[in-house]
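Data first, discussion second: the structure below is written as structure tokens.
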Amino acid sequence: MKIKVCNFLKYIILYLTIGIVIGVSVGLYQYLSQKIIELSNYLFTNINVTTILIVVFSILILSPISFYIIKYNPDLDGSGVPYLIRQIDEKEDIHSKLSIVFIYINSFITSFFGFPLGLEGPSIVISGKISCLIQNIFKKNIDYDLVSISASAGFGCAFLSPLAGITYYFESHPKSIKNIKLLITSLFINIAAFTFTYLINKHHLLQLLNFPNLDFNYIYIFLILIILNLISAAIFVNLTIKLRYLVKKYNSNFFVKYRSFLLFIIIVILNYYLFNYMGAGSKIKSLYSINLPIIYLLGILLFRIIVTSISSNGNVSGGLVIPSMTLGTIIGQITCLFLNKFFNLNPDNFELIILVSMTLSFAIINKNPLSASILVINAIFNLTFNILNVLIIFPLVIVFFYLASYLATLMNFSNLYKKMNDVSKLKI
């Protein structure tokens with residue numbers, strides 16, 4: 001009995017330690033990233049000789065650092081999530097220690113230069129690697145289920161939603177839902193991680209400014225969003241995977257091998273001329289885009305698909321969840337503009353439609369309809385603090401999100417990360 005109690009306390013301490021360290025690490029990462037983005041915004045919007053020289057000097061210093069970090073830590077390329085998933089599934093060695101520091105550095109660099117990549121991917125990888133590091137400190141054999149739960153907690157911390165972190169894990173490992181121990185472990189780690197992240201960083205990636213009275217006459221809009229997001233996702237995923245294949249095939253080519261240096265220059269130039277459409281997508285989410293012509297928004301959508309696909313294969317670090325949501329954001333804006341112009345859609349509904357569209361894009365591309373649904377109701381609850389609103393809209397959202405995911409399956413869609421790993425396994 002005494003041994004069982006000791007073992008129980010040992011595991012509680014382990015899980016608590018993992019949760020707290022993840023919470024603090026992701027909270028600091030998100031907070032510092034916001035400050036770096038603010039500095040970047042200042043440099044690219046206050047154009048003068050001094051700021052231009054700072055940016056040029058920064059490229060000369062930081063682009064080689066980014067290149068060599070990924071050269072010696074290839075599992076940090078892109079978001080790093082596909083590599084972590086493969087390492088967990090195939091029970092490979094997961095390098096932690098210095099690689100955690102390198103994730104911070106590389107992600108800060110891409111955020112500083114305004115790459116169209118997000119913070120959530122590195123948050124997931126940081127959390128997974130922290131779990132490995134702490135398990136090693138406890139002199140415990142690596143529990144890959146625990147690593148996966150911890151990585152999912154990083155997703156929950158990024159969106160300040162512990163429930164999203166829990167569902168993100170069980171959607172990726174549906175058979176684990178029957179395991180009570182894993183469920184309790186996930187609850188414990190996610191709550192601990194969220195608590196400490198929230199103490200450091202209270203910035204919500206998904207926010208609503210208003211929530212309209214629900215009019216079920218507008219349900220047809222969900223179907224429009226599904227169709228448009230499926231088309232957008234198909235183009236984005238196929239282009240991203242095709243580029244990944246070409247990069248792998250021609251990796252010995254000089255220009256492909258050192259592509260990140262050219263990409264840094266291109267991204268900086270784009271930031272000077274197309275600042276409002278760069279970065280992970282927070283600037284695009286502003287409602288002023290509703291006033292743009294539809295053809296203009298279609299051009300922005302195509303631009304974002306191309307620049308995000310290229311950046312995700314550019315030998316730099318950054319997540320793809322928020323950028324993929326940005327595609328849904330633009331589709332939501334196009335839909336609102338069209339329906340308002342021709343069918344007098346009430347503008348009070350715009351924000352909710354855009355929120356649904358952006359999370360729907362994530363549900364389709366990453367095949368996470370439940371987690372996407374949780375992100376919707378989390379944003380609604382954070383605004384209204386009304387559980388009734390959540391209970392009304394959640395069944396509607398989840399039905400349409402699962403419908404979209406099912407249609408994506410019929411279109412031979414699979415999880416984007418899985419497709420990336422499939423390419424990495426090819427012998428070319």
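Just so we're on the same page: first chain in the structure tokens is A, next is B, and so on; residues restart at 1 for each chain, and ligands are numbered from 1 in the order they show up.
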For this session: Might you pull out every residue within 8 Å of Ala280 in chain A, with only C-alpha atoms counted and same-chain residues fewer than 5 positions away left off, and present them as a count of residues only?
Result: 8
Write out as a short mmCIF file (atom, residue, chain, number, x, y, z; two decimals) with N, CA and C atoms, in the first residue's frame all residues of range 35-263 of chain A that DSSP puts in alpha helix (DSSP H) for this structure's backbone.
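Generated file (out.cif):
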```
data_model
loop_
_atom_site.label_atom_id
_atom_site.label_comp_id
_atom_site.auth_asym_id
_atom_site.auth_seq_id
_atom_site.Cartn_x
_atom_site.Cartn_y
_atom_site.Cartn_z
N LYS A 35 5.71 40.77 -28.31
CA LYS A 35 6.58 41.95 -28.21
C LYS A 35 7.48 42.07 -29.45
N ILE A 36 7.98 40.93 -29.92
CA ILE A 36 8.83 40.94 -31.12
C ILE A 36 8.01 41.36 -32.33
N ILE A 37 6.78 40.90 -32.42
CA ILE A 37 5.90 41.28 -33.53
C ILE A 37 5.60 42.78 -33.47
N GLU A 38 5.42 43.32 -32.27
CA GLU A 38 5.19 44.77 -32.12
C GLU A 38 6.41 45.55 -32.63
N LEU A 39 7.62 45.06 -32.30
CA LEU A 39 8.84 45.71 -32.79
C LEU A 39 8.92 45.63 -34.31
N SER A 40 8.59 44.46 -34.83
CA SER A 40 8.59 44.26 -36.28
C SER A 40 7.62 45.21 -36.96
N ASN A 41 6.42 45.31 -36.41
CA ASN A 41 5.41 46.21 -36.98
C ASN A 41 5.91 47.66 -37.01
N TYR A 42 6.60 48.05 -35.95
CA TYR A 42 7.14 49.41 -35.89
C TYR A 42 8.18 49.64 -37.00
N LEU A 43 9.06 48.66 -37.18
CA LEU A 43 10.14 48.81 -38.17
C LEU A 43 9.61 48.86 -39.60
N PHE A 44 8.54 48.08 -39.86
CA PHE A 44 8.02 48.01 -41.23
C PHE A 44 6.99 49.09 -41.54
N THR A 45 6.53 49.80 -40.52
CA THR A 45 5.55 50.88 -40.77
C THR A 45 6.15 52.27 -40.57
N VAL A 49 15.69 55.72 -43.09
CA VAL A 49 17.03 55.14 -43.30
C VAL A 49 17.43 54.26 -42.12
N THR A 50 17.16 54.73 -40.91
CA THR A 50 17.57 53.99 -39.72
C THR A 50 16.87 52.63 -39.63
N THR A 51 15.53 52.61 -39.80
CA THR A 51 14.80 51.34 -39.67
C THR A 51 15.17 50.38 -40.80
N ILE A 52 15.40 50.90 -41.99
CA ILE A 52 15.81 50.03 -43.11
C ILE A 52 17.17 49.41 -42.84
N LEU A 53 18.09 50.20 -42.31
CA LEU A 53 19.42 49.68 -41.99
C LEU A 53 19.34 48.61 -40.89
N ILE A 54 18.45 48.83 -39.93
CA ILE A 54 18.28 47.84 -38.86
C ILE A 54 17.78 46.52 -39.44
N VAL A 55 16.81 46.60 -40.35
CA VAL A 55 16.26 45.38 -40.97
C VAL A 55 17.33 44.68 -41.81
N VAL A 56 18.07 45.44 -42.61
CA VAL A 56 19.12 44.85 -43.46
C VAL A 56 20.20 44.19 -42.60
N PHE A 57 20.62 44.89 -41.58
CA PHE A 57 21.64 44.35 -40.67
C PHE A 57 21.11 43.08 -39.98
N SER A 58 19.85 43.09 -39.61
CA SER A 58 19.24 41.94 -38.95
C SER A 58 19.22 40.72 -39.87
N ILE A 59 18.92 40.95 -41.16
CA ILE A 59 18.94 39.84 -42.12
C ILE A 59 20.33 39.23 -42.20
N LEU A 60 21.33 40.07 -42.28
CA LEU A 60 22.72 39.59 -42.40
C LEU A 60 23.14 38.76 -41.19
N ILE A 61 22.62 39.11 -40.02
CA ILE A 61 23.00 38.40 -38.80
C ILE A 61 22.10 37.19 -38.54
N LEU A 62 20.79 37.39 -38.67
CA LEU A 62 19.83 36.38 -38.21
C LEU A 62 19.54 35.27 -39.22
N SER A 63 19.58 35.57 -40.51
CA SER A 63 19.29 34.53 -41.50
C SER A 63 20.32 33.39 -41.46
N PRO A 64 21.62 33.67 -41.32
CA PRO A 64 22.58 32.56 -41.17
C PRO A 64 22.35 31.77 -39.88
N ILE A 65 21.97 32.45 -38.80
CA ILE A 65 21.70 31.75 -37.54
C ILE A 65 20.54 30.78 -37.75
N SER A 66 19.46 31.25 -38.38
CA SER A 66 18.31 30.40 -38.65
C SER A 66 18.71 29.21 -39.52
N PHE A 67 19.50 29.48 -40.56
CA PHE A 67 19.92 28.41 -41.48
C PHE A 67 20.68 27.31 -40.76
N TYR A 68 21.66 27.70 -39.95
CA TYR A 68 22.51 26.70 -39.30
C TYR A 68 21.79 25.98 -38.16
N ILE A 69 20.84 26.66 -37.52
CA ILE A 69 20.05 25.97 -36.50
C ILE A 69 19.28 24.81 -37.13
N ILE A 70 18.64 25.06 -38.28
CA ILE A 70 17.86 24.00 -38.92
C ILE A 70 18.78 22.98 -39.58
N LYS A 71 19.92 23.41 -40.06
CA LYS A 71 20.87 22.46 -40.67
C LYS A 71 21.27 21.38 -39.67
N TYR A 72 21.51 21.78 -38.43
CA TYR A 72 21.94 20.82 -37.41
C TYR A 72 20.77 20.32 -36.55
N VAL A 81 6.09 20.21 -36.08
CA VAL A 81 5.05 19.27 -35.63
C VAL A 81 5.08 17.94 -36.37
N PRO A 82 5.20 17.95 -37.73
CA PRO A 82 5.24 16.65 -38.42
C PRO A 82 6.35 15.74 -37.93
N TYR A 83 7.52 16.34 -37.65
CA TYR A 83 8.65 15.55 -37.16
C TYR A 83 8.37 15.00 -35.77
N LEU A 84 7.76 15.81 -34.91
CA LEU A 84 7.44 15.35 -33.57
C LEU A 84 6.41 14.22 -33.63
N ILE A 85 5.41 14.35 -34.50
CA ILE A 85 4.41 13.29 -34.65
C ILE A 85 5.07 11.99 -35.09
N ARG A 86 5.97 12.08 -36.06
CA ARG A 86 6.68 10.88 -36.52
C ARG A 86 7.52 10.26 -35.41
N GLN A 87 8.22 11.11 -34.65
CA GLN A 87 9.06 10.61 -33.56
C GLN A 87 8.22 9.91 -32.49
N ILE A 88 7.03 10.45 -32.23
CA ILE A 88 6.14 9.82 -31.24
C ILE A 88 5.59 8.51 -31.78
N ASP A 89 5.09 8.53 -33.01
CA ASP A 89 4.47 7.33 -33.60
C ASP A 89 5.47 6.20 -33.76
N LEU A 98 18.93 21.65 -25.82
CA LEU A 98 19.24 22.81 -26.65
C LEU A 98 18.21 23.05 -27.74
N SER A 99 17.57 21.98 -28.23
CA SER A 99 16.62 22.16 -29.33
C SER A 99 15.42 23.01 -28.89
N ILE A 100 15.09 22.98 -27.60
CA ILE A 100 14.02 23.84 -27.09
C ILE A 100 14.42 25.30 -27.23
N VAL A 101 15.65 25.61 -26.90
CA VAL A 101 16.17 26.98 -27.04
C VAL A 101 16.17 27.39 -28.51
N PHE A 102 16.56 26.46 -29.38
CA PHE A 102 16.63 26.76 -30.81
C PHE A 102 15.25 27.03 -31.40
N ILE A 103 14.22 26.34 -30.88
CA ILE A 103 12.86 26.61 -31.35
C ILE A 103 12.49 28.06 -31.04
N TYR A 104 12.79 28.48 -29.82
CA TYR A 104 12.52 29.87 -29.44
C TYR A 104 13.20 30.83 -30.41
N ILE A 105 14.50 30.63 -30.60
CA ILE A 105 15.29 31.55 -31.42
C ILE A 105 14.75 31.62 -32.85
N ASN A 106 14.56 30.45 -33.47
CA ASN A 106 14.15 30.43 -34.87
C ASN A 106 12.75 31.00 -35.07
N SER A 107 11.85 30.69 -34.14
CA SER A 107 10.50 31.21 -34.26
C SER A 107 10.47 32.72 -34.04
N PHE A 108 11.28 33.21 -33.11
CA PHE A 108 11.38 34.66 -32.89
C PHE A 108 11.90 35.36 -34.16
N ILE A 109 12.83 34.70 -34.84
CA ILE A 109 13.40 35.29 -36.05
C ILE A 109 12.33 35.42 -37.14
N THR A 110 11.57 34.36 -37.37
CA THR A 110 10.54 34.41 -38.42
C THR A 110 9.43 35.40 -38.05
N SER A 111 9.10 35.48 -36.76
CA SER A 111 8.10 36.46 -36.32
C SER A 111 8.60 37.88 -36.54
N PHE A 112 9.86 38.11 -36.26
CA PHE A 112 10.46 39.44 -36.42
C PHE A 112 10.40 39.92 -37.86
N GLU A 120 1.60 28.64 -32.90
CA GLU A 120 1.03 27.46 -32.26
C GLU A 120 1.86 26.20 -32.52
N GLY A 121 2.45 26.07 -33.72
CA GLY A 121 3.28 24.89 -34.02
C GLY A 121 4.47 24.77 -33.10
N PRO A 122 5.29 25.84 -33.00
CA PRO A 122 6.39 25.81 -32.04
C PRO A 122 5.92 25.57 -30.59
N SER A 123 4.74 26.10 -30.23
CA SER A 123 4.21 25.86 -28.88
C SER A 123 3.99 24.37 -28.63
N ILE A 124 3.49 23.68 -29.64
CA ILE A 124 3.27 22.23 -29.54
C ILE A 124 4.59 21.49 -29.39
N VAL A 125 5.56 21.86 -30.23
CA VAL A 125 6.86 21.17 -30.20
C VAL A 125 7.61 21.46 -28.90
N ILE A 126 7.59 22.71 -28.47
CA ILE A 126 8.23 23.07 -27.20
C ILE A 126 7.67 22.21 -26.07
N SER A 127 6.37 22.06 -26.04
CA SER A 127 5.71 21.31 -24.95
C SER A 127 6.06 19.83 -25.00
N GLY A 128 6.09 19.27 -26.20
CA GLY A 128 6.46 17.86 -26.32
C GLY A 128 7.89 17.60 -25.89
N LYS A 129 8.79 18.49 -26.28
CA LYS A 129 10.20 18.33 -25.92
C LYS A 129 10.43 18.57 -24.43
N ILE A 130 9.66 19.48 -23.84
CA ILE A 130 9.76 19.70 -22.40
C ILE A 130 9.38 18.43 -21.65
N SER A 131 8.34 17.76 -22.12
CA SER A 131 7.93 16.50 -21.50
C SER A 131 9.06 15.48 -21.51
N CYS A 132 9.74 15.38 -22.65
CA CYS A 132 10.88 14.44 -22.74
C CYS A 132 11.99 14.83 -21.77
N LEU A 133 12.29 16.11 -21.72
CA LEU A 133 13.36 16.60 -20.86
C LEU A 133 13.06 16.30 -19.39
N ILE A 134 11.83 16.57 -18.97
CA ILE A 134 11.47 16.34 -17.56
C ILE A 134 11.43 14.85 -17.26
N GLN A 135 10.95 14.06 -18.18
CA GLN A 135 10.95 12.60 -17.96
C GLN A 135 12.38 12.08 -17.79
N ASN A 136 13.30 12.65 -18.57
CA ASN A 136 14.71 12.25 -18.43
C ASN A 136 15.26 12.66 -17.07
N ILE A 137 14.87 13.84 -16.60
CA ILE A 137 15.33 14.31 -15.28
C ILE A 137 14.82 13.38 -14.19
N TYR A 144 5.68 7.85 -24.50
CA TYR A 144 5.31 8.63 -25.69
C TYR A 144 3.87 9.12 -25.63
N ASP A 145 3.01 8.42 -24.91
CA ASP A 145 1.66 8.94 -24.69
C ASP A 145 1.72 10.24 -23.90
N LEU A 146 2.60 10.29 -22.92
CA LEU A 146 2.76 11.49 -22.11
C LEU A 146 3.33 12.64 -22.94
N VAL A 147 4.25 12.31 -23.84
CA VAL A 147 4.81 13.33 -24.73
C VAL A 147 3.71 13.91 -25.62
N SER A 148 2.86 13.04 -26.15
CA SER A 148 1.77 13.48 -27.03
C SER A 148 0.75 14.33 -26.27
N ILE A 149 0.42 13.91 -25.05
CA ILE A 149 -0.49 14.69 -24.20
C ILE A 149 0.11 16.07 -23.92
N SER A 150 1.39 16.10 -23.63
CA SER A 150 2.07 17.37 -23.33
C SER A 150 2.10 18.29 -24.54
N ALA A 151 2.36 17.71 -25.72
CA ALA A 151 2.37 18.50 -26.95
C ALA A 151 0.98 19.10 -27.20
N SER A 152 -0.05 18.31 -26.96
CA SER A 152 -1.43 18.80 -27.13
C SER A 152 -1.74 19.91 -26.13
N ALA A 153 -1.17 19.80 -24.94
CA ALA A 153 -1.34 20.87 -23.94
C ALA A 153 -0.74 22.18 -24.45
N GLY A 154 0.34 22.07 -25.24
CA GLY A 154 0.93 23.26 -25.85
C GLY A 154 -0.04 23.92 -26.82
N PHE A 155 -0.79 23.10 -27.54
CA PHE A 155 -1.83 23.62 -28.44
C PHE A 155 -2.90 24.35 -27.62
N GLY A 156 -3.32 23.73 -26.51
CA GLY A 156 -4.32 24.36 -25.64
C GLY A 156 -3.83 25.67 -25.06
N CYS A 157 -2.54 25.71 -24.68
CA CYS A 157 -1.97 26.94 -24.13
C CYS A 157 -1.91 28.04 -25.19
N ALA A 158 -1.58 27.67 -26.41
CA ALA A 158 -1.48 28.66 -27.49
C ALA A 158 -2.80 29.37 -27.70
N PRO A 162 -7.80 24.94 -22.36
CA PRO A 162 -7.39 23.59 -21.95
C PRO A 162 -8.26 22.50 -22.56
N LEU A 163 -9.54 22.81 -22.78
CA LEU A 163 -10.42 21.82 -23.39
C LEU A 163 -10.00 21.51 -24.83
N ALA A 164 -9.54 22.54 -25.55
CA ALA A 164 -9.03 22.33 -26.90
C ALA A 164 -7.78 21.47 -26.88
N GLY A 165 -6.95 21.65 -25.85
CA GLY A 165 -5.75 20.83 -25.72
C GLY A 165 -6.10 19.37 -25.49
N ILE A 166 -7.11 19.12 -24.69
CA ILE A 166 -7.54 17.75 -24.40
C ILE A 166 -8.12 17.10 -25.65
N THR A 167 -9.02 17.81 -26.33
CA THR A 167 -9.65 17.23 -27.52
C THR A 167 -8.63 17.05 -28.65
N TYR A 168 -7.64 17.94 -28.73
CA TYR A 168 -6.60 17.83 -29.76
C TYR A 168 -5.84 16.51 -29.62
N TYR A 169 -5.58 16.11 -28.38
CA TYR A 169 -4.89 14.84 -28.15
C TYR A 169 -5.77 13.65 -28.53
N PHE A 170 -7.00 13.65 -28.05
CA PHE A 170 -7.85 12.48 -28.26
C PHE A 170 -8.34 12.37 -29.70
N GLU A 171 -8.40 13.48 -30.42
CA GLU A 171 -8.69 13.40 -31.85
C GLU A 171 -7.55 12.74 -32.60
N SER A 172 -6.33 13.00 -32.17
CA SER A 172 -5.16 12.39 -32.79
C SER A 172 -4.99 10.94 -32.37
N ILE A 180 -8.86 5.61 -19.06
CA ILE A 180 -9.17 6.59 -18.00
C ILE A 180 -7.89 7.27 -17.50
N LYS A 181 -6.80 6.51 -17.41
CA LYS A 181 -5.55 7.08 -16.91
C LYS A 181 -5.07 8.21 -17.83
N LEU A 182 -5.14 7.98 -19.14
CA LEU A 182 -4.70 9.00 -20.09
C LEU A 182 -5.62 10.22 -20.05
N LEU A 183 -6.91 9.98 -19.84
CA LEU A 183 -7.86 11.08 -19.74
C LEU A 183 -7.56 11.95 -18.53
N ILE A 184 -7.33 11.31 -17.38
CA ILE A 184 -7.01 12.05 -16.15
C ILE A 184 -5.68 12.79 -16.29
N THR A 185 -4.69 12.11 -16.90
CA THR A 185 -3.39 12.73 -17.12
C THR A 185 -3.52 13.97 -17.99
N SER A 186 -4.31 13.85 -19.06
CA SER A 186 -4.52 14.98 -19.96
C SER A 186 -5.20 16.15 -19.25
N LEU A 187 -6.22 15.85 -18.46
CA LEU A 187 -6.90 16.88 -17.69
C LEU A 187 -5.94 17.59 -16.75
N PHE A 188 -5.15 16.82 -16.03
CA PHE A 188 -4.24 17.35 -15.02
C PHE A 188 -3.20 18.27 -15.67
N ILE A 189 -2.56 17.79 -16.74
CA ILE A 189 -1.48 18.55 -17.38
C ILE A 189 -2.04 19.79 -18.07
N ASN A 190 -3.17 19.66 -18.75
CA ASN A 190 -3.74 20.80 -19.47
C ASN A 190 -4.18 21.91 -18.52
N ILE A 191 -4.81 21.54 -17.41
CA ILE A 191 -5.26 22.56 -16.45
C ILE A 191 -4.08 23.27 -15.81
N ALA A 192 -3.06 22.49 -15.44
CA ALA A 192 -1.86 23.08 -14.83
C ALA A 192 -1.15 24.00 -15.82
N ALA A 193 -1.01 23.54 -17.06
CA ALA A 193 -0.33 24.33 -18.09
C ALA A 193 -1.10 25.61 -18.40
N PHE A 194 -2.42 25.48 -18.57
CA PHE A 194 -3.25 26.65 -18.88
C PHE A 194 -3.16 27.70 -17.76
N THR A 195 -3.22 27.25 -16.52
CA THR A 195 -3.20 28.17 -15.38
C THR A 195 -1.96 29.05 -15.40
N PHE A 196 -0.80 28.45 -15.64
CA PHE A 196 0.44 29.22 -15.60
C PHE A 196 0.65 30.02 -16.88
N THR A 197 0.16 29.52 -18.00
CA THR A 197 0.24 30.31 -19.23
C THR A 197 -0.61 31.57 -19.09
N TYR A 198 -1.81 31.40 -18.55
CA TYR A 198 -2.74 32.52 -18.43
C TYR A 198 -2.21 33.60 -17.49
N LEU A 199 -1.42 33.21 -16.48
CA LEU A 199 -0.84 34.18 -15.57
C LEU A 199 0.18 35.08 -16.27
N ILE A 200 0.77 34.54 -17.36
CA ILE A 200 1.81 35.28 -18.09
C ILE A 200 1.25 35.99 -19.31
N TYR A 220 -27.80 28.17 -44.06
CA TYR A 220 -27.27 27.86 -45.40
C TYR A 220 -25.86 28.42 -45.59
N ILE A 221 -25.53 29.46 -44.82
CA ILE A 221 -24.20 30.06 -44.94
C ILE A 221 -23.11 29.05 -44.58
N PHE A 222 -23.40 28.17 -43.64
CA PHE A 222 -22.44 27.14 -43.25
C PHE A 222 -22.07 26.27 -44.46
N LEU A 223 -23.04 25.96 -45.27
CA LEU A 223 -22.80 25.13 -46.46
C LEU A 223 -21.91 25.87 -47.47
N ILE A 224 -22.16 27.16 -47.62
CA ILE A 224 -21.32 27.97 -48.50
C ILE A 224 -19.88 27.97 -48.00
N LEU A 225 -19.72 28.15 -46.69
CA LEU A 225 -18.38 28.18 -46.10
C LEU A 225 -17.67 26.84 -46.29
N ILE A 226 -18.40 25.74 -46.16
CA ILE A 226 -17.80 24.42 -46.34
C ILE A 226 -17.27 24.27 -47.76
N ILE A 227 -18.08 24.62 -48.75
CA ILE A 227 -17.68 24.48 -50.15
C ILE A 227 -16.44 25.32 -50.46
N LEU A 228 -16.48 26.59 -50.07
CA LEU A 228 -15.37 27.49 -50.37
C LEU A 228 -14.09 27.09 -49.63
N ASN A 229 -14.24 26.66 -48.37
CA ASN A 229 -13.05 26.24 -47.60
C ASN A 229 -12.47 24.94 -48.12
N LEU A 230 -13.30 24.05 -48.62
CA LEU A 230 -12.79 22.80 -49.22
C LEU A 230 -11.95 23.11 -50.46
N ILE A 231 -12.42 24.04 -51.28
CA ILE A 231 -11.67 24.41 -52.49
C ILE A 231 -10.35 25.06 -52.11
N SER A 232 -10.40 26.02 -51.17
CA SER A 232 -9.19 26.70 -50.72
C SER A 232 -8.20 25.72 -50.10
N ALA A 233 -8.71 24.82 -49.26
CA ALA A 233 -7.84 23.85 -48.58
C ALA A 233 -7.19 22.90 -49.59
N ALA A 234 -7.96 22.49 -50.60
CA ALA A 234 -7.42 21.58 -51.62
C ALA A 234 -6.24 22.22 -52.35
N ILE A 235 -6.39 23.50 -52.70
CA ILE A 235 -5.31 24.21 -53.40
C ILE A 235 -4.10 24.36 -52.49
N PHE A 236 -4.35 24.79 -51.24
CA PHE A 236 -3.26 25.03 -50.29
C PHE A 236 -2.50 23.75 -49.97
N VAL A 237 -3.21 22.69 -49.64
CA VAL A 237 -2.56 21.43 -49.25
C VAL A 237 -1.78 20.85 -50.43
N ASN A 238 -2.40 20.81 -51.60
CA ASN A 238 -1.72 20.22 -52.77
C ASN A 238 -0.48 21.02 -53.16
N LEU A 239 -0.58 22.34 -53.08
CA LEU A 239 0.59 23.17 -53.40
C LEU A 239 1.70 22.97 -52.38
N THR A 240 1.33 22.94 -51.09
CA THR A 240 2.32 22.75 -50.02
C THR A 240 3.03 21.41 -50.16
N ILE A 241 2.28 20.36 -50.42
CA ILE A 241 2.87 19.03 -50.55
C ILE A 241 3.71 18.91 -51.81
N LYS A 242 3.25 19.51 -52.91
CA LYS A 242 4.01 19.48 -54.15
C LYS A 242 5.35 20.19 -53.97
N LEU A 243 5.34 21.34 -53.32
CA LEU A 243 6.58 22.06 -53.06
C LEU A 243 7.50 21.26 -52.15
N ARG A 244 6.92 20.58 -51.17
CA ARG A 244 7.72 19.76 -50.27
C ARG A 244 8.40 18.62 -51.03
N TYR A 245 7.67 18.04 -51.96
CA TYR A 245 8.23 16.97 -52.80
C TYR A 245 9.39 17.51 -53.65
N LEU A 246 9.20 18.67 -54.28
CA LEU A 246 10.23 19.25 -55.13
C LEU A 246 11.47 19.63 -54.33
N VAL A 247 11.25 20.17 -53.12
CA VAL A 247 12.38 20.53 -52.26
C VAL A 247 13.19 19.28 -51.90
N LYS A 248 12.51 18.20 -51.61
CA LYS A 248 13.20 16.95 -51.27
C LYS A 248 13.94 16.40 -52.48
N LYS A 249 13.30 16.47 -53.63
CA LYS A 249 13.87 15.91 -54.86
C LYS A 249 15.12 16.67 -55.30
N PHE A 254 21.87 24.09 -55.49
CA PHE A 254 22.39 25.21 -54.69
C PHE A 254 21.27 26.14 -54.23
N PHE A 255 20.38 26.51 -55.15
CA PHE A 255 19.33 27.47 -54.82
C PHE A 255 18.28 26.87 -53.88
N VAL A 256 18.06 25.57 -53.99
CA VAL A 256 17.11 24.91 -53.09
C VAL A 256 17.74 24.75 -51.71
N LYS A 257 18.99 24.36 -51.69
CA LYS A 257 19.69 24.13 -50.43
C LYS A 257 19.76 25.40 -49.58
N ARG A 259 17.78 28.11 -49.98
CA ARG A 259 16.57 28.87 -50.31
C ARG A 259 16.13 29.83 -49.21
N SER A 260 16.46 29.51 -47.96
CA SER A 260 15.99 30.35 -46.86
C SER A 260 16.55 31.77 -46.94
N PHE A 261 17.80 31.92 -47.45
CA PHE A 261 18.40 33.26 -47.54
C PHE A 261 17.62 34.13 -48.53
N LEU A 262 17.28 33.54 -49.67
CA LEU A 262 16.49 34.28 -50.66
C LEU A 262 15.10 34.57 -50.12
N LEU A 263 14.54 33.62 -49.39
CA LEU A 263 13.19 33.79 -48.84
C LEU A 263 13.15 34.93 -47.83
#
```
For this session: Return the single residue from A:Asn276, A:Ser282, A:Ser317, A:Ser176 that is closest to Ile300 in chain A, with distances computed using only C-alpha atoms.
Result: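 Using only C-alpha atoms, Ile300 in chain A sits closest to A:Asn276.
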Problem set entry | Best match for closeness to Phe275 in chain A among A:Leu28, A:Asn46, A:Asn291, A:Val21, counting only C-alpha atoms |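 The shortest atom-to-atom distance to Phe275 in chain A comes from A:Asn46.
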Problem set entry | Neighbour list for range 412-423 of chain A as a ChimeraX atom specification, cut-off 6 Å, only C-alpha atoms, skip fewer than 6 positions in-chain | /A:82,365-367
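If you look at CA of Gly78 in chain A and CA of Val321 in chain A, they are 11.7 Å away from each other.
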